[in-house]
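Trainee: Before I ask anything, let me first share the structure, which is written out below as C-alpha cells.
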4 protein chains.
Amino acid sequence: MIVVLKKEANQAKQDQLIDWLKGMGLGIHISKGEYQTVLGLIGDTSKVDMDLIGSLDIVDSVKRVTDTFKCVNRQFHPDDTVVSVGDVKIGGGNFAMIAGPCSVESEAQIVEVAKAVKAAGANLLRGGAFKPRTSPYDFQGLKAEGLELLRIARKETGLPIVTEIMSVSDLPLFEDVDILQVGARNMQNFDLLKELGQFGKPVLLKRGLANTLKELLMSAEYIMASGNEQVILCERGIRTYSDYMRNTLDLSAVPMLHELSHLPVIVDPSHATGIARMVPPMALSAAACGADGLIIEVHNDPIHALCDGAQSLKPEEYAKLVKKVEAVRAAIQ
Amino acid sequence: MIVVLKKEANQAKQDQLIDWLKGMGLGIHISKGEYQTVLGLIGDTSKVDMDLIGSLDIVDSVKRVTDTFKCVNRQFHPDDTVVSVGDVKIGGGNFAMIAGPCSVESEAQIVEVAKAVKAAGANLLRGGAFKPRTSPYDFQGLKAEGLELLRIARKETGLPIVTEIMSVSDLPLFEDVDILQVGARNMQNFDLLKELGQFGKPVLLKRGLANTLKELLMSAEYIMASGNEQVILCERGIRTYSDYMRNTLDLSAVPMLHELSHLPVIVDPSHATGIARMVPPMALSAAACGADGLIIEVHNDPIHALCDGAQSLKPEEYAKLVKKVEAVRAAIQ
Amino acid sequence: MIVVLKKEANQAKQDQLIDWLKGMGLGIHISKGEYQTVLGLIGDTSKVDMDLIGSLDIVDSVKRVTDTFKCVNRQFHPDDTVVSVGDVKIGGGNFAMIAGPCSVESEAQIVEVAKAVKAAGANLLRGGAFKPRTSPYDFQGLKAEGLELLRIARKETGLPIVTEIMSVSDLPLFEDVDILQVGARNMQNFDLLKELGQFGKPVLLKRGLANTLKELLMSAEYIMASGNEQVILCERGIRTYSDYMRNTLDLSAVPMLHELSHLPVIVDPSHATGIARMVPPMALSAAACGADGLIIEVHNDPIHALCDGAQSLKPEEYAKLVKKVEAVRAAIQ
Amino acid sequence: MIVVLKKEANQAKQDQLIDWLKGMGLGIHISKGEYQTVLGLIGDTSKVDMDLIGSLDIVDSVKRVTDTFKCVNRQFHPDDTVVSVGDVKIGGGNFAMIAGPCSVESEAQIVEVAKAVKAAGANLLRGGAFKPRTSPYDFQGLKAEGLELLRIARKETGLPIVTEIMSVSDLPLFEDVDILQVGARNMQNFDLLKELGQFGKPVLLKRGLANTLKELLMSAEYIMASGNEQVILCERGIRTYSDYMRNTLDLSAVPMLHELSHLPVIVDPSHATGIARMVPPMALSAAACGADGLIIEVHNDPIHALCDGAQSLKPEEYAKLVKKVEAVRAAIQ
C-alpha cells in the first residue's frame with residue numbers, strides 16, 4: 001500500500017501516522033519527492049483501512065498495490081480451473097452450451113425444451129424454478145415443483161441442470177441440482193455465498209447489475225474462501241443509459257476476467273439484451289473473445305411463455321446459432 | 001397498456017394478437033393513425049407480459065399507462081405515512097436524526113457515541129452488528145454480541161435502535177430491534193423483504209447501488225404487500241463514473257419519491273459521499289429539499305474505527321450540523 | 001404521438017388541450033379506458049414539444065410512436081449504404097480495416113507505419129493531426145504539418161487517409177483528406193456536423209462518451225439532412241463505472257444500429273479498452289456481430305509514442321489479428 | 001508519479017525502464033517491498049504518458065500524485081475568485097440569480113420575462129439565441145436577432161445578459177454579451193475554449209453530460225491557460241439510469257469543486273431535472289450546500305414556449321423561490 005502525503009503535511013502528524021502504521025506491524029519505506037512524500041507500507045496490509053487513511057487531513061491519496069483477492073487470483077493459480085458436472089466440463093478449453101426456458105412451467109414444457117436443446121447441441125439445461133421478480137405481483141416460479149420437473153427433464157435427456165437459488169433456506173431442495181446459479185441481484189448476498197461455499201456444488205455466479213469486475217471476483221472469493229473451488233463467472237450485461245437494449249453487455253469483461261482469474265467465464269446474451277434477435281450476434285461475439293460458454297434462453301412456444309418470452313430463441317434458431325458458435329470458436333484457434 | 005403496431009403489420013397477425021389479448025379477458029380499443037395502429041388494452045393488465053408483446057415482429061413498442069405499484073402509491077393513499085417507534089415519529093412533518101457508528105465495536109464505544117449523539121440532538125441510534133463487506137477478509141461485525149451492545153446503549157440513553165439485517169436466518173435475533181435496516185446490496189433480496197413484511201417491525205429500506213426509483217418502490221411494495229406498512233425509504237447515493245466521491249447522491253429522488261409515494265424518505269450522506277467533510281453540505285441539501293430524516297455516521301474516535309472511519313463525523317461536528325439542519329428546515333417552511 | 005391523461009383529469013382542461021392540439025393541425029383520436037383517457041395524435045407531430053405536454057398537470061405521460069430520424073432510417077431506405085473512397089468500399093458486405101498511429105509524429109513514422117499496416121492487410125490509414133486532449137498541457141498534434149505527412153504516406157502506399165477534424169475553421173485544410181473523422185467529444189458539435197454535411201467528403205462519426213444510439217443517429221441525421229449521405233457510424237466505448245477498462249465497449253450497438261439504420265457501423269476497440277492486449281479479442285467480437293470495419297491503433301515503436309501508446313498494437317500483432325478477423329467473418333456467413 | 005512494478009518483473013526490463021525515465025530528466029526513487037517494487041518519479045512528470053507506462057508488461061499500475069490542473073487549482077490560489085459583470089459579482093460570498101426563458105422568442109417575450117424576473121429578484125438575465133438541439137428538425141434559435149433582443153431587454157431592465165455560444169465563428173456577434181455560456185455538449189470543444197480564453201469575457205462553463213469533475217476543471221484550465229480568469233463552473237445534471245428525471249443532479253460536485261478550485265460554482269436545476277415542479281426543491285438544495293448561484297428557466301407563458309416549457313417556472317413561482325433561497329442561504333451562515 002502506498003500513502004501519498006500532502007505537500008504541506010505537518011511533520012508531527014506525519015510522525016504520528018507513521019508510528020500508528022508501525023504499531024500495526026508494518027514496515028514503512030519513506031520516499032521524499034520534490035512535491036510530495038510517499039510512504040510505502042511493507043507487510044500484510046490486508047487489514048489496513050484505506051478509506052480511513054485517505055480521510056486524514058495530511059493524506060493526499062492512498063493506493064493498494066496488491067490485489068485483495070487471493071483464491072480467485074490467476075497470479076497464485078496460473079492454470080485454468082475446469083468445472084466438472086458429470087461428463088460435462090467447463091473452462092480450460094471446454095465450452096458450455098447451457099440452454100432452456102426462462103421459467104419451468106410444466107413437465108411437458110421442460111421435457112420438450114430439454115429434448116429440443118439437446119438435439120440442437122446444448123450440453124446443459126437451464127430453467128428457473130425460483131424466480132426473482134421486481135414486482136411482488138409477477139409470477140415467482142413453481143419452486144419445489146419446478147425443481148422436480150427439472151429432475152424429470154434431466155432423467156429424460158441426460159443433461160445436467162442449472163437453476164437459480166435465491167435463499168439459504170431453500171438449500172435443502174437443491175441437494176441434487178448440478179449447478180446452482182446465483183442471480184445478479186444476489187451477487188452480494190454474502191450469507192448465501194458463504195453457504196454455497198460449504199454446500200460444495202458448482203456455482204454459476206452472475207455479475208450484479210452495476211458491479212465492477214473486482215466486486216464480482218470478491219464475491220467469488222467468498223465462495224472459494226468457504227471451501228468451494230467450482231465457481232463459474234457469468235457476464236450478463238450491466239446497467240447504463242442504453243436506449244434500445246435492456247442492459248449493456250460488457251464483453252471486455254471476458255478477456256479481462258481471464259487475465260485476472262483462473263475461473264471459467266460464460267456469457268448470458270439473453271438477459272443482457274432482452275431481445276431474441278440480438279441474442280445470436282452477441283452470442284457469436286462472446287465466443288469470439290474467448291468465453292467458456294453461453295447461457296441462452298430457448299422456448300418451444302414464446303407467445304405463451306410466462307416471462308421473458310421476448311428474449312427467448314426458438315429451438316430451430318438455437319440450433320443454427322450453435323453451429324455458428326462452433327465455427328467462430330474454430331476460427332479464433 | 002398501449003401497444004403500438006408497426007406500419008407494415010400484417011392484418012392476419014394483428015387479428016391473432018387481438019384475439020389472444022381478448023382471451024386474457026381484456027377489452028381492446030383500436031386506434032388507426034396515419035402511420036401506425038395503436039391498441040389500447042382495457043382491464044386488468046397487471047398480468048400481461050410487456051416484454052413478450054414488445055418482442056412480436058408486428059409490434060413497434062408497448063407502454064404501460066398505470067403504475068404497477070399499489071400499496072406504496074400516493075395516488076391510492078394521499079396522506080403521508082408516519083412511522084412510529086416509541087415516542088419518535090418519522091414522516092408527515094416529523095424529522096428523524098439517526099446517528100451512530102458504522103460498526104458496533106465495544107460497549108464503551110457504542111454507549112459513549114450514543115450519549116454523544118443524543119446530547120447533540122439525535123433521536124435514533126444506528127450501529128452495524130452484521131456488516132456486509134465486499135471482501136470476505138474484512139471485519140464482518142460483532143453480530144449477536146453487537147445487537148446486545150446496542151440494547152445496552154438503548155437502555156442507557158433511551159434512543160431507539162436502527163441496525164442492518166442481512167439474512168432471514170438472523171431474524172430471531174432482531175425481535176426487539178426498533179427499526180430493521182435493509183442495505184443497498186439486499187434491496188432486491190425478495191425473500192428477505194417478504195419475511196420483513198410478516199415480521200411487523202418498521203423497515204428502513206435503502207436504495208440499491210444502481211436501482212431506479214421504480215425498483216425501490218417495488219421492493220417497498222414487497223414489504224407492504226406482505227402486511228407491513230411501516231416502511232422508510234432511504235436514498236444513499238448511486239453508482240456513476242464520479243471521480244472524487246464514492247457514489248453520487250441523487251437528491252432529486254427525495255421530492256420525486258414524495259410525489260410518487262406516501263412513505264417517508266430519508267437520506268444517508270455518509271455512505272453517499274464516503275468523505276466526512278462532504279457530509280454536512282449534503283445533509284443540509286437533503287433537509288432543504290424536504291427529506292424526512294438523515295442517517296449519519298458519528299464516531300468518537302475516527303482514527304481507530306474498524307471500518308468507514310473516513311466518512312464519520314466527530315460528535316462536536318454532528319452537534320453543529322444538527323443546529324444547521326434545524327435552521328434549514330425552518331427556512332423552507 | 002400518444003398522450004395519456006391522468007385519471008382525475010379535469011374535463012375543461014382536457015378540452016382546452018385538445019383544442020390547442022387541433023390548432024396545430026393535428027387529428028385527435030380519443031380512447032377512454034377504465035383508468036385513463038388516451039389521446040392519439042394523428043398527422044405531423046414532429047413539431048410538437050413532448051416535454052411541454054408531459055409537464056401539464058392533467059397529463060400522465062407522452063410517447064412518440066414514430067422515429068424522429070428520417071434520412072438515416074432503414075425504414076425509408078432498406079438497402080445498406082456503401083461508402084466509397086477510391087477503390088475501397090465500406091458497408092453492404094465490404095469490410096474496412098483502418099489502422100495507423102494515434103498521432104502523426106514524423107514523416108518516417110507515418111510512412112513506416114503505413115507500409116506496415118498495408119502489408120498486414122489494412123485498406124485505410126488513420127493518424128491524428130489535430131488531437132483533442134483533456135489537458136491543455138498535453139500534445140495537441142502536428143496540425144497542418146501532420147495532414148501533409150499523411151498525404152505523403154498516402155502517396156507512398158496508396159492507402160486513403162482518415163483523420164480527425166475538430167473545428168469548422170480548419171476545414172480548408174481537409175480538402176483532400178479521404179474520410180473526415182468526428183471524435184466522440186464533438187458528436188454533438190452541431191455546427192461542425194452541418195458544415196460536414198455541405199463539405200461532401202465521407203464522414204466517420206464516433207459515438208459520444210455517454211450518448212445513446214438515438215442521439216448518435218440524430219447527429220448522423222444532421223450531416224445527411226445537410227446533403228451528405230456518406231456517413232460511417234463508429235462505436236468506441238461508452239463511459240460507465242468499469243474498473244479495469246477505459247470505457248465499456250457496447251457491441252450490441254452494432255446489430256441494433258444495423259436494424260435502425262442503413263449506414264455502415266465500424267468499431268474502435270483501441271479507444272474502447274485503452275489496453276493493447278484487449279484489442280484483439282474485442283476486434284474479433286466486433287467482427288462476429290457483423291461490424292462493417294475496425295479502426296485500430298498500430299504503432300511501430302510503442303515505447304516512444306507521444307500518446308496512447310498503451311492501446312497500440314505492433315504491426316506483427318496487427319497482421320495476426322487481420323487473419324483472425326477474416327476467419328471470424330467467414331465463420332459467420 | 002508512482003510506478004508499481006509486477007512481482008515477477010524481469011530485472012533487465014526494470015533497468016531499461018529506469019534508464020528511459022532518467023533520460024526524460026526525472027529522478028527515480030526505488031522502493032522494494034515484500035511483494036512489489038515501487039518507483040517514485042521525481043521532477044516534472046507532466047509530460048510523462050501514464051497510459052504508456054501502464055501498458056508495459058512489467059508494470060502493475062501507475063499513479064499520478066500531483067494534480068494536472070494548475071490555474072484552476074485552489075492549492076495555488078487559496079482565495080475565491082470573484083467574477084464581476086458591471087455591479088453584479090459572483091463567487092466569494094456573492095450569489096448569482098440568473099433567470100430567463102430557454103429561448104429568446106420575440107421582443108415582447110424577452111422584455112416581459114426580463115422585467116418579471118428582475119422584479120422577482122434575479123440579478124442576471126439568461127436566454128438562448130443559439131440553441132443546440134439533438135434533432136436538426138427542432139427550433140435552432142433566433143441567432144443574431146435573438147442576441148439583439150437580449151440587448152434590448154438588458155437596456156430596459158439593466159440586467160446583464162448570459163447566453164450560449166456554440167461556435168468560434170459566431171464570436172464577433174458576442175462582443176457585448178456580458179457572460180458567454182458554454183453548453184454541456186461543448187464542454188470539450190477545446191478550440192472554442194481556447195478562443196474564449198482570448199476573448200476575455202466571463203465564461204459560464206457547464207459540466208458535460210457525463211464528464212468527471214477533473215475533466216470539467218481541465219476544460220476550465222483551457223480557458224484560464226489562454227489568459228481568461230473569469231470562469232464560472234456550472235453543475236447541470238449528469239447522465240445515469242434515472243427513470244423519472246432527465247438527468248441526475250450531482251450536488252456533491254458543489255462542495256468538492258469548491259475544495260479543488262477557487263472558481264465560483266453555480267447550479268442549473270432546470271436542465272438537471274427537466275420538470276418545473278422539481279426545480280424549487282433542487283434550487284434550495286443547491287443553496288444549502290454552498291452554491292454561488294442558480295441559473296433557472298422562467299417563462300411568462302409556458303404553454304407556448306417553443307422548447308423546454310416543461311422545465312420553466314412561472315414568474316410568480318420564481319419570486320417565491322427567490323425568497324426561500326435567501327432564507328436557506330441565511331440559515332447556513
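Every chain in the C-alpha cells takes a letter, A first, then B, and so on in the order presented; its residues are numbered from 1, and the ligands are numbered from 1 following the presented order.
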Do you know which residues are at most 9 Å from Val88 of chain D counting only C-alpha atoms, after dropping those on the same chain fewer than 5 positions away, and could you put them as a PyMOL selection string?
Mentor: chain D and resi 83+94-96+123-124+160
Trainee: Would you put the residues from that selection into a file with C-alpha atoms, as a PDB file, in the first residue's frame?
Mentor:
ATOM      1  CA  VAL D  83     -16.396  37.161 -11.334  1.00  0.00           C
ATOM      2  CA  ASN D  94     -21.823  36.827  -3.824  1.00  0.00           C
ATOM      3  CA  PHE D  95     -24.804  34.910  -5.143  1.00  0.00           C
ATOM      4  CA  ALA D  96     -25.966  34.946  -8.776  1.00  0.00           C
ATOM      5  CA  ASN D 123     -29.729  39.872 -10.975  1.00  0.00           C
ATOM      6  CA  LEU D 124     -28.800  38.398 -14.375  1.00  0.00           C
ATOM      7  CA  PRO D 160     -26.528  41.819 -17.592  1.00  0.00           C
TER       8      PRO D 160
END
Trainee: Taking only residues of chain D that have an atom at most 12 Å from an atom of chain A, what is each one's shortest atom pair and its distance in Å to one decimal, using only C-alpha atoms, in chain and number order, as JSON lines?
Mentor:
{"residue": "D:Met1", "atom": "CA", "partner": "A:Gly33", "partner_atom": "CA", "distance": 9.5}
{"residue": "D:Ile2", "atom": "CA", "partner": "A:Val38", "partner_atom": "CA", "distance": 9.0}
{"residue": "D:Val3", "atom": "CA", "partner": "A:Val65", "partner_atom": "CA", "distance": 10.0}
{"residue": "D:Val4", "atom": "CA", "partner": "A:Val65", "partner_atom": "CA", "distance": 7.0}
{"residue": "D:Leu5", "atom": "CA", "partner": "A:Val65", "partner_atom": "CA", "distance": 9.2}
{"residue": "D:Lys6", "atom": "CA", "partner": "A:Val65", "partner_atom": "CA", "distance": 9.4}
{"residue": "D:Lys7", "atom": "CA", "partner": "A:Thr66", "partner_atom": "CA", "distance": 9.6}
{"residue": "D:Glu8", "atom": "CA", "partner": "A:Gln75", "partner_atom": "CA", "distance": 10.0}
{"residue": "D:Leu26", "atom": "CA", "partner": "A:Glu34", "partner_atom": "CA", "distance": 10.9}
{"residue": "D:Gly27", "atom": "CA", "partner": "A:Gly33", "partner_atom": "CA", "distance": 8.9}
{"residue": "D:Ile28", "atom": "CA", "partner": "A:Gly33", "partner_atom": "CA", "distance": 9.3}
{"residue": "D:His29", "atom": "CA", "partner": "A:Ser31", "partner_atom": "CA", "distance": 6.9}
{"residue": "D:Ile30", "atom": "CA", "partner": "A:Ser31", "partner_atom": "CA", "distance": 8.5}
{"residue": "D:Ser31", "atom": "CA", "partner": "A:His29", "partner_atom": "CA", "distance": 6.9}
{"residue": "D:Lys32", "atom": "CA", "partner": "A:His29", "partner_atom": "CA", "distance": 8.6}
{"residue": "D:Gly33", "atom": "CA", "partner": "A:Ile42", "partner_atom": "CA", "distance": 5.5}
{"residue": "D:Glu34", "atom": "CA", "partner": "A:Ile42", "partner_atom": "CA", "distance": 6.2}
{"residue": "D:Tyr35", "atom": "CA", "partner": "A:Thr66", "partner_atom": "CA", "distance": 7.7}
{"residue": "D:Gln36", "atom": "CA", "partner": "A:Val65", "partner_atom": "CA", "distance": 7.7}
{"residue": "D:Thr37", "atom": "CA", "partner": "A:Val65", "partner_atom": "CA", "distance": 9.7}
{"residue": "D:Val38", "atom": "CA", "partner": "A:Gly40", "partner_atom": "CA", "distance": 8.1}
{"residue": "D:Leu39", "atom": "CA", "partner": "A:Ser31", "partner_atom": "CA", "distance": 9.7}
{"residue": "D:Gly40", "atom": "CA", "partner": "A:Ser31", "partner_atom": "CA", "distance": 7.4}
{"residue": "D:Leu41", "atom": "CA", "partner": "A:Gly33", "partner_atom": "CA", "distance": 7.7}
{"residue": "D:Ile42", "atom": "CA", "partner": "A:Gly33", "partner_atom": "CA", "distance": 5.5}
{"residue": "D:Gly43", "atom": "CA", "partner": "A:Glu34", "partner_atom": "CA", "distance": 6.6}
{"residue": "D:Asp44", "atom": "CA", "partner": "A:Glu34", "partner_atom": "CA", "distance": 9.3}
{"residue": "D:Thr45", "atom": "CA", "partner": "A:Tyr35", "partner_atom": "CA", "distance": 11.1}
{"residue": "D:Val59", "atom": "CA", "partner": "A:Val65", "partner_atom": "CA", "distance": 11.1}
{"residue": "D:Asp60", "atom": "CA", "partner": "A:Val65", "partner_atom": "CA", "distance": 8.0}
{"residue": "D:Ser61", "atom": "CA", "partner": "A:Val65", "partner_atom": "CA", "distance": 7.8}
{"residue": "D:Val62", "atom": "CA", "partner": "A:Val65", "partner_atom": "CA", "distance": 9.8}
{"residue": "D:Lys63", "atom": "CA", "partner": "A:Lys63", "partner_atom": "CA", "distance": 8.2}
{"residue": "D:Arg64", "atom": "CA", "partner": "A:Ser61", "partner_atom": "CA", "distance": 10.0}
{"residue": "D:Val65", "atom": "CA", "partner": "A:Val4", "partner_atom": "CA", "distance": 7.0}
{"residue": "D:Thr66", "atom": "CA", "partner": "A:Tyr35", "partner_atom": "CA", "distance": 7.8}
{"residue": "D:Asp67", "atom": "CA", "partner": "A:Asp60", "partner_atom": "CA", "distance": 10.4}
{"residue": "D:Gln75", "atom": "CA", "partner": "A:Lys7", "partner_atom": "CA", "distance": 10.0}
{"residue": "D:Phe76", "atom": "CA", "partner": "A:Lys7", "partner_atom": "CA", "distance": 11.8}
{"residue": "D:Leu209", "atom": "CA", "partner": "A:Tyr241", "partner_atom": "CA", "distance": 11.5}
{"residue": "D:Ala210", "atom": "CA", "partner": "A:Tyr241", "partner_atom": "CA", "distance": 10.7}
{"residue": "D:Ile238", "atom": "CA", "partner": "A:Tyr241", "partner_atom": "CA", "distance": 10.9}
{"residue": "D:Arg239", "atom": "CA", "partner": "A:Tyr241", "partner_atom": "CA", "distance": 7.2}
{"residue": "D:Thr240", "atom": "CA", "partner": "A:Tyr241", "partner_atom": "CA", "distance": 5.8}
{"residue": "D:Tyr241", "atom": "CA", "partner": "A:Tyr241", "partner_atom": "CA", "distance": 5.0}
{"residue": "D:Ser242", "atom": "CA", "partner": "A:Tyr241", "partner_atom": "CA", "distance": 8.3}
{"residue": "D:Asp243", "atom": "CA", "partner": "A:Tyr241", "partner_atom": "CA", "distance": 9.9}
{"residue": "D:Arg246", "atom": "CA", "partner": "A:Tyr241", "partner_atom": "CA", "distance": 11.2}
{"residue": "D:Asn247", "atom": "CA", "partner": "A:Tyr241", "partner_atom": "CA", "distance": 10.4}
{"residue": "D:Thr248", "atom": "CA", "partner": "A:Tyr241", "partner_atom": "CA", "distance": 11.7}
Trainee: Nearest to Ala286 of chain C among A:Ser106, A:Ser261, A:Ser270, A:Ser252, with distances taken over only C-alpha atoms: which residue is it?
Mentor: A:Ser252
Trainee: May I have the residues within 10 Å of Pro281 of chain B as a PyMOL selection string, using only C-alpha atoms and disregarding those fewer than 6 positions away in the same chain?
Mentor: (chain B and resi 269+321+324-325) or (chain D and resi 251-252+254-255+285-290+332)
Trainee: Can you write just those residues out, N, CA and C atoms, as a PDB file, in the first residue's frame?
Mentor:
ATOM      1  N   PRO B 269     -26.069  10.741   3.865  1.00  0.00           N
ATOM      2  CA  PRO B 269     -24.966  11.434   3.182  1.00  0.00           C
ATOM      3  C   PRO B 269     -23.606  10.816   3.482  1.00  0.00           C
ATOM      4  N   LEU B 321     -23.897  20.415  13.051  1.00  0.00           N
ATOM      5  CA  LEU B 321     -24.708  20.112  11.872  1.00  0.00           C
ATOM      6  C   LEU B 321     -26.191  20.049  12.229  1.00  0.00           C
ATOM      7  N   LYS B 324     -27.703  23.424  12.231  1.00  0.00           N
ATOM      8  CA  LYS B 324     -27.883  23.983  10.889  1.00  0.00           C
ATOM      9  C   LYS B 324     -29.030  23.295  10.148  1.00  0.00           C
ATOM     10  N   VAL B 325     -29.148  21.997  10.346  1.00  0.00           N
ATOM     11  CA  VAL B 325     -30.258  21.277   9.711  1.00  0.00           C
ATOM     12  C   VAL B 325     -31.582  21.865  10.185  1.00  0.00           C
TER      13      VAL B 325
ATOM     14  N   LEU D 251     -25.188  17.175  -6.735  1.00  0.00           N
ATOM     15  CA  LEU D 251     -24.916  18.342  -5.895  1.00  0.00           C
ATOM     16  C   LEU D 251     -23.626  18.226  -5.100  1.00  0.00           C
ATOM     17  N   SER D 252     -23.149  17.009  -4.878  1.00  0.00           N
ATOM     18  CA  SER D 252     -21.889  16.901  -4.142  1.00  0.00           C
ATOM     19  C   SER D 252     -20.749  17.519  -4.947  1.00  0.00           C
ATOM     20  N   VAL D 254     -20.723  20.467  -5.881  1.00  0.00           N
ATOM     21  CA  VAL D 254     -20.557  21.857  -5.417  1.00  0.00           C
ATOM     22  C   VAL D 254     -19.491  21.959  -4.328  1.00  0.00           C
ATOM     23  N   PRO D 255     -19.647  21.260  -3.193  1.00  0.00           N
ATOM     24  CA  PRO D 255     -18.576  21.390  -2.186  1.00  0.00           C
ATOM     25  C   PRO D 255     -17.242  20.812  -2.666  1.00  0.00           C
ATOM     26  N   SER D 285     -31.756  22.970  -2.369  1.00  0.00           N
ATOM     27  CA  SER D 285     -30.647  22.071  -2.020  1.00  0.00           C
ATOM     28  C   SER D 285     -29.312  22.655  -2.475  1.00  0.00           C
ATOM     29  N   ALA D 286     -29.313  23.238  -3.657  1.00  0.00           N
ATOM     30  CA  ALA D 286     -28.073  23.831  -4.183  1.00  0.00           C
ATOM     31  C   ALA D 286     -27.614  24.976  -3.278  1.00  0.00           C
ATOM     32  N   ALA D 287     -28.569  25.800  -2.858  1.00  0.00           N
ATOM     33  CA  ALA D 287     -28.213  26.898  -1.961  1.00  0.00           C
ATOM     34  C   ALA D 287     -27.683  26.355  -0.632  1.00  0.00           C
ATOM     35  N   ALA D 288     -28.278  25.250  -0.168  1.00  0.00           N
ATOM     36  CA  ALA D 288     -27.916  24.702   1.138  1.00  0.00           C
ATOM     37  C   ALA D 288     -26.506  24.124   1.173  1.00  0.00           C
ATOM     38  N   CYS D 289     -25.983  23.685   0.025  1.00  0.00           N
ATOM     39  CA  CYS D 289     -24.627  23.106   0.044  1.00  0.00           C
ATOM     40  C   CYS D 289     -23.584  24.101  -0.423  1.00  0.00           C
ATOM     41  N   GLY D 290     -23.981  25.382  -0.526  1.00  0.00           N
ATOM     42  CA  GLY D 290     -22.973  26.412  -0.755  1.00  0.00           C
ATOM     43  C   GLY D 290     -22.764  26.873  -2.180  1.00  0.00           C
ATOM     44  N   ILE D 332     -27.608  28.776   6.596  1.00  0.00           N
ATOM     45  CA  ILE D 332     -26.359  28.007   6.630  1.00  0.00           C
ATOM     46  C   ILE D 332     -25.143  28.860   7.004  1.00  0.00           C
TER      47      ILE D 332
END
Trainee: Would you mind listing what lies within 8 Å of segment 221-227 of chain A as a list of chain:residue names, with only C-alpha atoms counted and same-chain residues fewer than 2 positions away left out?
Mentor: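 The contact residues come out as A:Phe69, A:Lys70, A:Cys71, A:Val72, A:Phe190, A:Leu193, A:Lys194, A:Glu195, A:Leu196, A:Gly197, A:Gln198, A:Gly200, A:Leu217, A:Met218, A:Ser219, A:Glu229, A:Gln230, A:Val231, B:Ser135, B:Pro136.
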Trainee: Would you pick out the contacts of segment 107-110 of chain B at 9 Å or less, using only C-alpha atoms, so that residues sharing its chain but fewer than 2 positions from it are not included, and give the list as a list in words?
Mentor: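 Once the nearby chain positions are removed, what remains is Gly100, Pro101, Ser103, Val104, Glu105, Glu112, Val113, Ala114, Lys115, Gly127, Gly146, Leu149, Leu150, Ile152, Ala153, His299, Asn300 and Asp301 of chain B.
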Trainee: Could you turn the residues from that selection into a file that holds C-alpha atoms, as a PDB file, in the first residue's frame?
Mentor:
ATOM      1  CA  GLY B 100     -24.116   6.432  15.410  1.00  0.00           C
ATOM      2  CA  PRO B 101     -21.034   4.491  14.430  1.00  0.00           C
ATOM      3  CA  SER B 103     -19.968  -0.698  13.372  1.00  0.00           C
ATOM      4  CA  VAL B 104     -20.635  -1.531  16.983  1.00  0.00           C
ATOM      5  CA  GLU B 105     -17.174  -2.253  18.378  1.00  0.00           C
ATOM      6  CA  GLU B 112     -20.259   6.752  24.550  1.00  0.00           C
ATOM      7  CA  VAL B 113     -21.301   7.506  20.971  1.00  0.00           C
ATOM      8  CA  ALA B 114     -24.981   7.026  21.849  1.00  0.00           C
ATOM      9  CA  LYS B 115     -24.723   9.542  24.673  1.00  0.00           C
ATOM     10  CA  GLY B 127     -24.805   0.960  14.550  1.00  0.00           C
ATOM     11  CA  GLY B 146     -23.241  -6.292  18.632  1.00  0.00           C
ATOM     12  CA  LEU B 149     -24.428  -3.899  22.957  1.00  0.00           C
ATOM     13  CA  LEU B 150     -26.956  -1.814  21.004  1.00  0.00           C
ATOM     14  CA  ILE B 152     -27.386  -1.684  26.341  1.00  0.00           C
ATOM     15  CA  ALA B 153     -26.849   1.656  24.604  1.00  0.00           C
ATOM     16  CA  HIS B 299     -17.705   8.139  15.778  1.00  0.00           C
ATOM     17  CA  ASN B 300     -15.969   9.104  18.970  1.00  0.00           C
ATOM     18  CA  ASP B 301     -12.533   8.191  17.645  1.00  0.00           C
TER      19      ASP B 301
END
Trainee: Just to confirm, what's the straight-line distance from atom CA of Lys214 of chain C to atom CA of Glu235 of chain C in Å (one decimal)?
Mentor: 12.9 Å
Trainee: Give me the residues near Lys143 of chain A as a list in words, where near means some atom within 9 Å (using only C-alpha atoms) and where sequence neighbours in that chain fewer than 5 positions away do not count.
Mentor: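 Near neighbours after the sequence-gap exclusion: Gly128, Ala129, Phe130, Lys131 and Glu148 of chain A.
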Trainee: Which residues, written as a list of chain:residue names, have at least one atom at most 8 Å from Val298 of chain B, with only C-alpha atoms counted and residues fewer than 5 positions away on the same chain left out?
Mentor: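 The filter keeps B:Ala99, B:Gly100, B:Pro101, B:Cys102, B:Val113, B:Val117, B:Ser312, B:Leu313, B:Lys314, B:Pro315, B:Tyr318.
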Trainee: Now that the selection is made, can you save its residues with C-alpha atoms as a compact mmCIF listing (two decimals), in the first residue's frame?
Mentor:
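Output file part34.txt is given in full below:
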# COMPACT_ATOMS: atom_id res chain seq x y z
CA ALA B 99 -26.75 8.79 14.16
CA GLY B 100 -24.12 6.43 15.41
CA PRO B 101 -21.03 4.49 14.43
CA CYS B 102 -20.64 2.43 11.28
CA VAL B 113 -21.30 7.51 20.97
CA VAL B 117 -25.27 11.86 19.57
CA SER B 312 -17.72 9.54 10.14
CA LEU B 313 -18.21 12.89 11.82
CA LYS B 314 -16.99 13.62 15.33
CA PRO B 315 -19.77 14.28 17.88
CA TYR B 318 -22.50 16.42 14.34
Trainee: DSSP on the backbone: which residues in segment 58-282 of chain B end up as strand (DSSP E)? Give the answer as a PyMOL selection string.
Mentor: chain B and resi 59-63+83-85+88-90+96-100+124-126+161-164+179-182+203-206+231-235+265-267
Trainee: With DSSP run on the backbone, what are the helix (DSSP H, G or I) residues within segment 23-84 of chain B? I'd like them as a ChimeraX atom specification.
Mentor: /B:23,50-55,74-76
Trainee: In Å, how far is it from atom CA of Ala120 of chain A to atom CA of Arg154 of chain A?
Mentor: 15.8 Å
